[in-house]
>>> print(open('start-v7.txt').read())   # compact mmCIF, C-alpha atoms and all ligand atoms
# COMPACT_ATOMS: atom_id res chain seq x y z
CA MET A 187 -21.84 26.88 3.90
CA PRO A 188 -23.23 23.38 4.38
CA ALA A 189 -22.97 20.74 1.67
CA ILE A 190 -25.61 21.14 -1.02
CA PRO A 191 -27.88 18.05 -0.89
CA GLU A 192 -28.48 17.97 -4.66
CA ASP A 193 -24.69 17.59 -5.12
CA ASN A 194 -24.71 14.65 -2.76
CA PHE A 195 -23.47 11.45 -4.37
CA SER A 196 -25.26 8.11 -4.17
CA SER A 197 -22.85 6.08 -6.31
CA ILE A 198 -19.16 6.17 -7.23
CA PRO A 199 -18.32 7.39 -10.77
CA LEU A 200 -16.54 5.03 -13.19
CA LEU A 201 -13.84 6.60 -15.39
CA ASP A 202 -12.23 5.01 -18.44
CA TYR A 203 -8.46 5.57 -18.26
CA SER A 204 -8.05 4.97 -22.01
CA LEU A 205 -9.94 8.25 -22.62
CA ALA A 206 -7.09 10.09 -20.89
CA LEU A 207 -4.56 8.65 -23.33
CA SER A 208 -6.09 10.03 -26.55
CA SER A 209 -6.10 13.72 -27.41
CA CYS A 210 -9.65 13.39 -28.83
CA THR A 211 -11.14 12.18 -25.53
CA LYS A 212 -8.83 13.57 -22.87
CA ALA A 213 -10.95 16.69 -22.21
CA GLU A 214 -13.96 14.49 -21.42
CA PHE A 215 -11.86 12.41 -19.00
CA ILE A 216 -10.54 15.55 -17.29
CA ARG A 217 -14.10 16.87 -16.84
CA GLU A 218 -15.21 13.64 -15.20
CA LEU A 219 -12.11 13.57 -13.00
CA ARG A 220 -12.78 17.16 -11.87
CA HIS A 221 -16.25 16.13 -10.72
CA ALA A 222 -14.88 13.07 -8.88
CA LEU A 223 -12.17 15.17 -7.19
CA ILE A 224 -14.43 17.96 -6.01
CA SER A 225 -17.73 16.27 -5.34
CA VAL A 226 -17.02 12.62 -4.45
CA GLY A 227 -13.41 11.87 -3.49
CA PHE A 228 -13.65 8.35 -4.97
CA LEU A 229 -13.79 6.82 -8.46
CA TYR A 230 -13.48 3.50 -10.25
CA LEU A 231 -10.85 3.41 -13.00
CA SER A 232 -11.11 0.92 -15.89
CA ASN A 233 -8.87 0.11 -18.87
CA THR A 234 -5.55 0.57 -17.10
CA ASP A 235 -3.93 -2.47 -18.73
CA THR A 236 -1.52 -0.28 -20.74
CA VAL A 237 0.21 0.43 -17.39
CA VAL A 238 -0.72 -2.46 -15.08
CA ASP A 239 -0.58 -5.88 -16.72
CA HIS A 240 -3.85 -7.79 -16.45
CA GLN A 241 -2.16 -11.20 -16.04
CA LEU A 242 0.06 -9.82 -13.27
CA ILE A 243 -3.07 -8.81 -11.32
CA GLU A 244 -4.52 -12.30 -11.74
CA ASN A 245 -1.22 -13.82 -10.56
CA LEU A 246 -1.20 -11.58 -7.50
CA LYS A 247 -4.82 -12.45 -6.64
CA ASN A 248 -3.94 -16.14 -6.81
CA TYR A 249 -1.05 -15.68 -4.38
CA ILE A 250 -3.11 -13.91 -1.70
CA PRO A 251 -4.88 -16.94 -0.14
CA LYS A 252 -1.53 -18.78 -0.15
CA LEU A 253 0.17 -15.85 1.55
CA PHE A 254 -2.30 -15.80 4.44
CA ALA A 255 -2.24 -19.61 4.65
CA LEU A 256 1.50 -19.61 5.46
CA PRO A 257 2.23 -21.11 8.91
CA GLN A 258 1.75 -18.50 11.66
CA LYS A 259 5.39 -18.98 12.69
CA GLU A 260 6.55 -17.95 9.19
CA LYS A 261 4.30 -14.88 9.18
CA ASP A 262 5.55 -13.92 12.64
CA LYS A 263 9.17 -14.08 11.41
CA ILE A 264 8.50 -10.98 9.31
CA ARG A 265 6.29 -9.17 11.79
CA MET A 266 6.15 -5.41 11.63
CA ALA A 267 7.77 -5.02 15.06
CA ASN A 268 11.08 -6.01 13.38
CA SER A 269 10.97 -2.91 11.20
CA PRO A 270 11.56 0.77 12.04
CA HIS A 271 9.84 1.42 8.68
CA PHE A 272 6.56 -0.16 9.84
CA LEU A 273 6.76 -2.73 7.04
CA GLY A 274 5.86 -6.36 7.61
CA TYR A 275 3.12 -8.59 8.98
CA SER A 276 0.35 -7.52 11.42
CA LYS A 277 -1.67 -10.27 13.02
CA LEU A 278 -5.45 -10.46 13.10
CA GLY A 279 -7.67 -8.40 15.35
CA ALA A 280 -5.16 -6.31 17.24
CA GLU A 281 -6.09 -3.08 15.50
CA LEU A 282 -8.32 -0.23 16.64
CA THR A 283 -10.03 2.48 14.60
CA LYS A 284 -11.77 5.12 16.70
CA GLY A 285 -11.59 2.83 19.71
CA LYS A 286 -13.08 -0.29 18.09
CA THR A 287 -11.23 -3.41 17.03
CA ASP A 288 -10.59 -3.89 13.31
CA TYR A 289 -10.93 -7.46 12.15
CA ARG A 290 -8.19 -7.80 9.55
CA GLU A 291 -4.75 -9.30 9.03
CA GLN A 292 -2.18 -7.68 6.75
CA PHE A 293 1.26 -7.50 5.19
CA ASP A 294 2.60 -3.95 4.65
CA ILE A 295 4.94 -4.12 1.65
CA ALA A 296 6.29 -1.04 -0.15
CA THR A 297 8.14 -0.17 -3.37
CA ASP A 298 11.91 -0.71 -3.15
CA HIS A 299 13.70 1.94 -1.10
CA VAL A 300 16.87 2.38 0.94
CA SER A 301 16.27 4.45 4.08
CA ARG A 302 18.08 7.80 3.84
CA TRP A 303 18.06 8.28 7.65
CA LYS A 304 21.44 8.86 9.30
CA HIS A 305 22.35 9.91 12.82
CA GLY A 306 21.04 13.43 13.51
CA ASP A 307 18.35 13.35 10.81
CA PRO A 308 14.68 13.71 11.77
CA ASP A 309 13.15 10.37 12.85
CA TYR A 310 10.62 10.53 10.08
CA PHE A 311 13.27 9.96 7.38
CA ASN A 312 13.24 6.40 8.71
CA VAL A 313 9.53 5.86 8.09
CA TRP A 314 10.52 4.63 4.60
CA GLY A 315 12.87 1.69 4.05
CA PRO A 316 13.16 -1.90 2.82
CA SER A 317 10.23 -4.36 2.98
CA GLN A 318 10.16 -7.81 4.59
CA TYR A 319 9.02 -10.72 2.43
CA PRO A 320 8.18 -14.29 3.46
CA ASP A 321 10.70 -17.02 2.70
CA GLU A 322 10.84 -17.39 -1.11
CA ALA A 323 10.92 -21.21 -0.87
CA LEU A 324 7.50 -21.21 0.86
CA ILE A 325 5.76 -19.04 -1.72
CA PRO A 326 7.93 -19.06 -4.86
CA GLY A 327 7.43 -16.09 -7.16
CA PHE A 328 5.34 -13.99 -4.74
CA ARG A 329 8.13 -11.50 -4.12
CA TYR A 330 8.69 -10.88 -7.84
CA THR A 331 4.94 -10.60 -8.52
CA MET A 332 4.34 -8.18 -5.65
CA LYS A 333 7.35 -6.01 -6.50
CA THR A 334 6.36 -5.81 -10.17
CA TYR A 335 2.76 -5.05 -9.21
CA LEU A 336 3.80 -2.23 -6.85
CA THR A 337 6.12 -0.74 -9.48
CA GLN A 338 3.42 -0.75 -12.15
CA VAL A 339 0.68 0.64 -9.90
CA ALA A 340 3.03 3.34 -8.57
CA SER A 341 3.72 4.41 -12.14
CA LEU A 342 -0.03 4.55 -12.82
CA GLY A 343 -0.20 6.82 -9.75
CA THR A 344 2.59 9.06 -11.01
CA HIS A 345 0.77 9.59 -14.32
CA PHE A 346 -2.58 10.00 -12.58
CA ILE A 347 -1.15 12.85 -10.48
CA THR A 348 -0.54 14.82 -13.72
CA LEU A 349 -4.20 14.26 -14.70
CA ILE A 350 -5.33 15.46 -11.26
CA ALA A 351 -3.24 18.61 -11.77
CA GLU A 352 -4.93 19.25 -15.13
CA ALA A 353 -8.39 18.60 -13.70
CA LEU A 354 -7.69 21.29 -11.09
CA GLY A 355 -6.70 23.85 -13.75
CA LEU A 356 -2.92 23.47 -13.23
CA PRO A 357 -0.30 22.45 -15.81
CA PRO A 358 0.40 18.66 -15.89
CA ASP A 359 3.48 19.14 -13.68
CA GLY A 360 1.57 21.47 -11.34
CA LEU A 361 1.85 19.04 -8.38
CA SER A 362 5.47 17.99 -8.99
CA ARG A 363 6.76 20.31 -6.23
CA PHE A 364 5.35 17.81 -3.70
CA TYR A 365 7.60 15.01 -4.96
CA ASP A 366 11.27 14.21 -4.52
CA THR A 367 13.41 12.56 -7.20
CA PRO A 368 12.06 9.02 -7.85
CA ASP A 369 15.01 7.36 -6.04
CA ARG A 370 14.02 9.26 -2.86
CA MET A 371 10.32 8.32 -3.04
CA GLN A 372 8.52 5.29 -1.61
CA HIS A 373 4.92 4.20 -2.14
CA ARG A 374 3.37 1.80 0.35
CA GLY A 375 1.18 -1.15 -0.39
CA LYS A 376 -0.66 -3.64 1.82
CA VAL A 377 -2.11 -7.05 1.23
CA VAL A 378 -5.17 -7.33 3.46
CA GLN A 379 -7.43 -10.19 4.54
CA TYR A 380 -10.82 -9.56 6.18
CA PRO A 381 -11.92 -12.90 7.69
CA VAL A 382 -15.52 -13.99 8.12
CA PRO A 383 -16.50 -13.23 11.73
CA ASN A 384 -17.92 -16.08 13.79
CA GLU A 385 -21.55 -16.17 14.90
CA ARG A 386 -20.88 -14.74 18.34
CA SER A 387 -18.94 -11.79 17.00
CA GLU A 388 -20.30 -8.43 18.16
CA SER A 389 -18.82 -6.35 15.39
CA ASP A 390 -18.68 -6.26 11.62
CA GLN A 391 -15.84 -3.72 11.52
CA GLY A 392 -13.23 -4.81 8.96
CA VAL A 393 -11.68 -1.38 9.23
CA GLY A 394 -13.45 1.56 10.85
CA PRO A 395 -14.14 4.98 9.29
CA HIS A 396 -10.98 6.85 8.31
CA TYR A 397 -9.30 9.08 5.74
CA ASP A 398 -6.19 8.05 3.85
CA ALA A 399 -3.06 10.16 4.29
CA GLY A 400 -1.23 10.88 1.04
CA PHE A 401 -2.30 12.27 -2.33
CA LEU A 402 -3.85 9.17 -3.86
CA THR A 403 -4.81 5.58 -2.97
CA ILE A 404 -5.10 2.95 -5.70
CA LEU A 405 -7.04 -0.04 -4.39
CA LEU A 406 -7.38 -3.48 -5.93
CA GLN A 407 -10.45 -5.30 -4.59
CA ALA A 408 -8.88 -8.73 -4.96
CA SER A 409 -11.91 -10.92 -4.23
CA PRO A 410 -15.58 -10.57 -5.25
CA HIS A 411 -16.82 -9.53 -1.79
CA PRO A 412 -18.59 -6.23 -1.20
CA GLY A 413 -17.78 -4.44 2.06
CA LEU A 414 -16.06 -1.18 1.08
CA GLN A 415 -18.30 1.81 1.84
CA VAL A 416 -17.83 5.54 1.24
CA GLN A 417 -19.47 8.32 3.25
CA ASN A 418 -21.37 11.02 1.32
CA PHE A 419 -22.13 14.63 2.31
CA THR A 420 -25.13 13.72 4.42
CA GLY A 421 -23.24 10.99 6.26
CA ASP A 422 -24.85 8.01 4.49
CA TRP A 423 -22.68 5.01 3.64
CA ILE A 424 -22.55 4.29 -0.11
CA ASP A 425 -21.45 0.82 -1.26
CA ALA A 426 -18.39 0.56 -3.50
CA PRO A 427 -18.55 -3.13 -4.48
CA PRO A 428 -15.80 -4.66 -6.66
CA ILE A 429 -16.21 -4.08 -10.41
CA PRO A 430 -14.11 -6.58 -12.38
CA GLY A 431 -11.29 -4.95 -14.34
CA THR A 432 -11.20 -1.75 -12.25
CA PHE A 433 -9.23 -0.14 -9.47
CA VAL A 434 -10.86 2.09 -6.87
CA LEU A 435 -9.04 5.41 -6.50
CA ASN A 436 -9.50 7.86 -3.65
CA PHE A 437 -7.84 11.05 -2.53
CA GLY A 438 -6.05 11.54 0.78
CA ARG A 439 -5.73 14.31 3.34
CA ALA A 440 -2.42 15.63 1.93
CA LEU A 441 -4.10 16.38 -1.41
CA GLU A 442 -7.06 17.98 0.36
CA PHE A 443 -4.76 20.30 2.34
CA ALA A 444 -2.49 21.03 -0.65
CA THR A 445 -5.47 21.99 -2.84
CA LYS A 446 -7.14 24.25 -0.24
CA GLY A 447 -9.97 21.78 0.15
CA ILE A 448 -10.78 21.58 -3.58
CA ALA A 449 -10.02 17.84 -3.75
CA ARG A 450 -11.98 15.84 -1.20
CA ALA A 451 -10.50 13.27 1.14
CA THR A 452 -13.55 11.11 1.73
CA SER A 453 -14.29 9.02 4.79
CA HIS A 454 -14.53 5.27 4.12
CA ARG A 455 -14.70 1.94 5.95
CA VAL A 456 -14.85 -1.80 5.28
CA LEU A 457 -17.48 -4.18 6.68
CA SER A 458 -16.42 -7.77 7.36
CA PRO A 459 -17.92 -10.44 5.09
CA PRO A 460 -21.32 -11.48 6.51
CA VAL A 461 -21.33 -14.34 9.04
CA GLY A 462 -21.58 -17.60 7.10
CA SER A 463 -19.68 -16.36 3.99
CA SER A 464 -17.53 -19.09 2.51
CA SER A 465 -14.30 -17.08 2.15
CA PRO A 466 -12.52 -13.98 3.46
CA ARG A 467 -12.36 -10.65 1.58
CA HIS A 468 -9.01 -9.61 0.09
CA SER A 469 -7.75 -6.20 -0.99
CA VAL A 470 -4.47 -4.55 -1.98
CA PRO A 471 -4.30 -0.77 -1.47
CA LEU A 472 -1.30 1.25 -2.65
CA PHE A 473 -0.83 4.62 -0.96
CA HIS A 474 0.84 7.07 -3.35
CA ASN A 475 2.88 9.33 -1.09
CA ILE A 476 4.40 12.79 -1.31
CA ALA A 477 7.96 13.68 -0.25
CA LEU A 478 8.84 13.34 3.44
CA ASP A 479 9.94 16.90 4.15
CA VAL A 480 7.08 18.75 2.44
CA ARG A 481 4.84 20.86 4.69
CA VAL A 482 1.78 21.11 2.48
CA ARG A 483 0.63 24.38 4.12
CA ASP A 484 4.03 26.11 3.81
CA PRO A 485 3.63 29.20 1.54
CA LYS A 486 6.51 27.77 -0.50
CA TYR A 487 4.14 25.03 -1.70
CA GLU A 488 1.08 27.21 -2.16
CA LEU A 489 -0.80 26.58 -5.42
CA GLU A 490 -2.75 29.20 -7.41
CA PHE A 491 -6.03 27.85 -8.79
CA PRO A 492 -8.18 29.42 -11.52
CA PRO A 493 -11.25 31.25 -10.13
CA GLU A 494 -13.68 28.85 -11.84
CA ILE A 495 -12.17 25.91 -9.90
CA LEU A 496 -12.38 27.78 -6.60
CA LYS A 497 -16.00 28.57 -7.44
CA LEU A 498 -16.78 24.87 -7.82
CA ARG A 499 -15.28 24.21 -4.39
CA ASP A 500 -17.23 27.07 -2.80
CA GLY A 501 -20.45 25.91 -4.45
CA ARG A 502 -19.97 22.45 -3.02
CA GLY A 503 -19.41 23.81 0.48
CA ASN A 504 -16.80 22.57 2.88
CA LEU A 505 -18.96 21.01 5.53
CA SER A 506 -20.01 17.42 5.32
CA GLN A 507 -20.98 14.78 7.80
CA THR A 508 -18.08 12.51 8.47
CA ASP A 509 -17.09 9.87 10.97
CA SER A 510 -13.38 10.36 10.27
CA ILE A 511 -10.96 12.78 11.92
CA ASN A 512 -7.45 11.49 11.27
CA TYR A 513 -4.39 13.17 9.66
CA SER A 514 -5.31 16.78 10.50
CA GLU A 515 -1.60 17.19 11.42
CA PHE A 516 -0.93 18.13 7.76
CA GLU A 517 -1.95 21.64 8.87
CA SER A 518 1.49 22.14 10.43
CA GLN A 519 3.75 19.08 10.25
CA PRO A 520 6.04 17.81 7.47
CA SER A 521 4.49 14.95 5.54
CA GLY A 522 6.98 12.42 6.93
CA MET A 523 6.09 13.42 10.50
CA VAL A 524 2.36 13.03 9.78
CA GLN A 525 3.05 9.57 8.38
CA LEU A 526 5.18 8.65 11.38
CA MET A 527 2.54 9.91 13.86
CA GLY A 528 -0.13 7.91 12.03
CA ARG A 529 2.02 4.79 12.20
CA VAL A 530 2.80 5.29 15.90
CA LYS A 531 -0.93 5.56 16.67
CA SER A 532 -1.74 2.50 14.56
CA HIS A 533 1.14 0.28 15.67
CA PRO A 534 2.18 1.14 19.25
CA ASP A 535 4.11 -2.14 19.64
CA VAL A 536 6.36 -1.19 16.72
CA ALA A 537 6.69 2.39 17.98
CA GLN A 538 7.66 1.26 21.50
CA GLN A 539 10.59 -0.62 20.06
CA HIS A 540 11.85 1.86 17.47
CA TYR A 541 10.56 5.31 18.48
CA PRO A 542 10.47 5.24 22.32
CA VAL A 543 10.20 9.02 22.77
CA LEU A 544 7.25 9.41 20.41
CA PHE A 545 5.70 6.26 21.87
CA LYS A 546 5.71 7.84 25.37
CA GLN A 547 4.10 10.98 23.98
CA PHE A 548 1.18 9.08 22.48
CA TYR A 549 0.96 6.28 25.06
CA PRO A 550 2.09 7.74 28.42
CA ASP A 551 0.50 4.75 30.22
CA GLY A 552 2.30 2.14 28.11
CA LEU A 553 0.94 -0.28 25.53
CA PRO A 554 -2.85 -0.23 25.17
CA LYS A 555 -4.71 -3.52 25.80
CA GLN A 556 -5.43 -3.85 22.11
CA GLY A 557 -2.59 -3.30 19.71
CA PHE A 558 -3.38 -0.49 17.33
CA ALA A 559 -5.31 2.76 16.89
CA TYR A 560 -5.77 5.13 13.96
O1 LIG B 601 -9.65 -2.96 2.03
C1 LIG B 601 -10.18 -2.02 1.47
O2 LIG B 601 -10.99 -2.17 0.55
C2 LIG B 601 -9.87 -0.60 1.90
C3 LIG B 601 -8.80 -0.51 2.94
C4 LIG B 601 -8.52 0.88 3.39
O3 LIG B 601 -9.32 1.76 3.26
C5 LIG B 601 -7.22 1.20 4.00
O4 LIG B 601 -6.49 0.26 4.37
O5 LIG B 601 -6.88 2.40 4.12
FE FE B 602 -8.38 3.69 3.51
>>> encode(input="start-v7.txt", output="structure tokens", more="lines below")
Ligand SMILES: O=C(O)CCC(=O)C(=O)O
Ligand SMILES: [Fe+2]
Amino acid sequence: MPAIPEDNFSSIPLLDYSLALSSCTKAEFIRELRHALISVGFLYLSNTDTVVDHQLIENLKNYIPKLFALPQKEKDKIRMANSPHFLGYSKLGAELTKGKTDYREQFDIATDHVSRWKHGDPDYFNVWGPSQYPDEALIPGFRYTMKTYLTQVASLGTHFITLIAEALGLPPDGLSRFYDTPDRMQHRGKVVQYPVPNERSESDQGVGPHYDAGFLTILLQASPHPGLQVQNFTGDWIDAPPIPGTFVLNFGRALEFATKGIARATSHRVLSPPVGSSSPRHSVPLFHNIALDVRVRDPKYELEFPPEILKLRDGRGNLSQTDSINYSEFESQPSGMVQLMGRVKSHPDVAQQHYPVLFKQFYPDGLPKQGFAY
């Protein structure tokens, strides 16, 4: 059944996290979350300062321009190609989404983790591991600020997963089977800069249309620029401009597969700041992952939903216009393998060095002219 036009969204709902923390208002929050999960796939979340310190966010925002202003040679010292965990610096403009160059520069930095991979283990155990940070002397305090930020946002994510479970008619721990013990989990963040294109530039693609992979993405829009857009049922692009004091949350393909399509992974993209803007756009997404060896479609992980929730999904319809196609491998592959395949496609130079067999599979003709592809 096609998407019902009257259900089509034209703006992104704003939810107040503090409502979820009081027994008097929690039911209202859960109702709003259910709507966002089933019918939009995106939401703004305000009043999270009980979990993520407001001053810490301000400190992080202040570091971002300094981070990108580090000398190129210092950024290159921690480039992603050094890391079998795909963590580190990616230079500007070498990235492709759906065949077009993305115009962004980024540092992939994750929560603390020691790789569990040992000889004979599947390669994908190695997709998680330690981060690379720039020299502390060049940007004193950044490492501490970023680590604390990632820890706090990851813990917001862990609580939010229990609210998602409740909104889908499950007990609060209804999604816990998809997680390992906390010491065996890693959540990945990025600090991203979208520069202002020059006048002759042919494209305004900051990052092209895509889905996110895991259960949940928690995004800080760290500068006042618009640019983030979300695709609705009829294929129109809806603006999701920064709202001070909020995060943007969206749901990934793993959650969509694990919930039999009840939760929506929604296609999104970022437009570069308009030519002539005075500063680049900054953002910090955190991708809240599930355990590496979970196959979301394995009967062992199958979830039973109440009929009224399934009815809401069926009423919405499963078809929608989308420009995104990525991460359909969740149908059959373990989560870690899906993550690794996504990384290999996005960062062939890293893959060539650390995963030569997989690299050959995806790039039989060697490195593409441009560096990356979703
Ligand atoms: O920069 C943003 O606002 C969103 C980035 C994004 O969607 C991603 O990196 O997956
Ligand atoms: Fe995304």
>>> axis_aligned_box(input="start-v7.txt", around="region 379-385 of chain A", padding_each_side="4 Å", output="lines of an AutoDock Vina configuration file")
center_x = -14.5
center_y = -12.9
center_z = 9.7
size_x = 22.1
size_y = 14.6
size_z = 18.4
>>> residues_near_point(input="start-v7.txt", point="(-11.1, 5.8, -4.4)", cutoff="9 Å", atoms="all atoms listed in the file", output="ChimeraX atom specification")
/A:198,227-231,402-405,416,433-437,452
>>> closest_atom_pairs(input="start-v7.txt", of="chain A", to="ligand FE 602 (chain B)", cutoff="9 Å", atoms="all atoms listed in the file", output="tab-separated table")
residue	atom	partner	partner_atom	distance
A:Val393	CA	B:FE602	FE	8.3
A:Pro395	CA	B:FE602	FE	8.3
A:His396	CA	B:FE602	FE	6.3
A:Tyr397	CA	B:FE602	FE	5.9
A:Asp398	CA	B:FE602	FE	4.9
A:Ala399	CA	B:FE602	FE	8.4
A:Thr403	CA	B:FE602	FE	7.6
A:Leu405	CA	B:FE602	FE	8.8
A:Asn436	CA	B:FE602	FE	8.4
A:Gly438	CA	B:FE602	FE	8.6
A:Ser453	CA	B:FE602	FE	8.1
A:His454	CA	B:FE602	FE	6.4
A:Arg455	CA	B:FE602	FE	7.0
A:Val456	CA	B:FE602	FE	8.7
A:Pro471	CA	B:FE602	FE	7.8
A:Phe473	CA	B:FE602	FE	8.8
>>> closest_residue(input="start-v7.txt", among="A:Leu354, A:Tyr249, A:Leu256, A:Gly315", to="Met332 (chain A)", atoms="all atoms listed in the file")
A:Tyr249
>>> closest_residue(input="start-v7.txt", among="A:Ser464, A:Asn512, A:Gln519, A:Gln415", to="ligand LIG 601 (chain B)", atoms="all atoms listed in the file")
A:Gln415
>>> residues_around(input="start-v7.txt", residues="Ile243 (chain A)", least_positions_apart="2", cutoff="9 Å", atoms="all atoms listed in the file", output="ChimeraX atom specification")
/A:238-241,245-248,331,335,406,408
>>> write_last_selection(input="start-v7.txt", atoms="C-alpha atoms", output="compact mmCIF listing (two decimals), in the frame of the given file")
# COMPACT_ATOMS: atom_id res chain seq x y z
CA VAL A 238 -0.72 -2.46 -15.08
CA ASP A 239 -0.58 -5.88 -16.72
CA HIS A 240 -3.85 -7.79 -16.45
CA GLN A 241 -2.16 -11.20 -16.04
CA ASN A 245 -1.22 -13.82 -10.56
CA LEU A 246 -1.20 -11.58 -7.50
CA LYS A 247 -4.82 -12.45 -6.64
CA ASN A 248 -3.94 -16.14 -6.81
CA THR A 331 4.94 -10.60 -8.52
CA TYR A 335 2.76 -5.05 -9.21
CA LEU A 406 -7.38 -3.48 -5.93
CA ALA A 408 -8.88 -8.73 -4.96
>>> residues_around(input="start-v7.txt", residues="Lys277 (chain A)", least_positions_apart="4", cutoff="8 Å", atoms="only C-alpha atoms", output="number ranges by chain")
A: 290-292
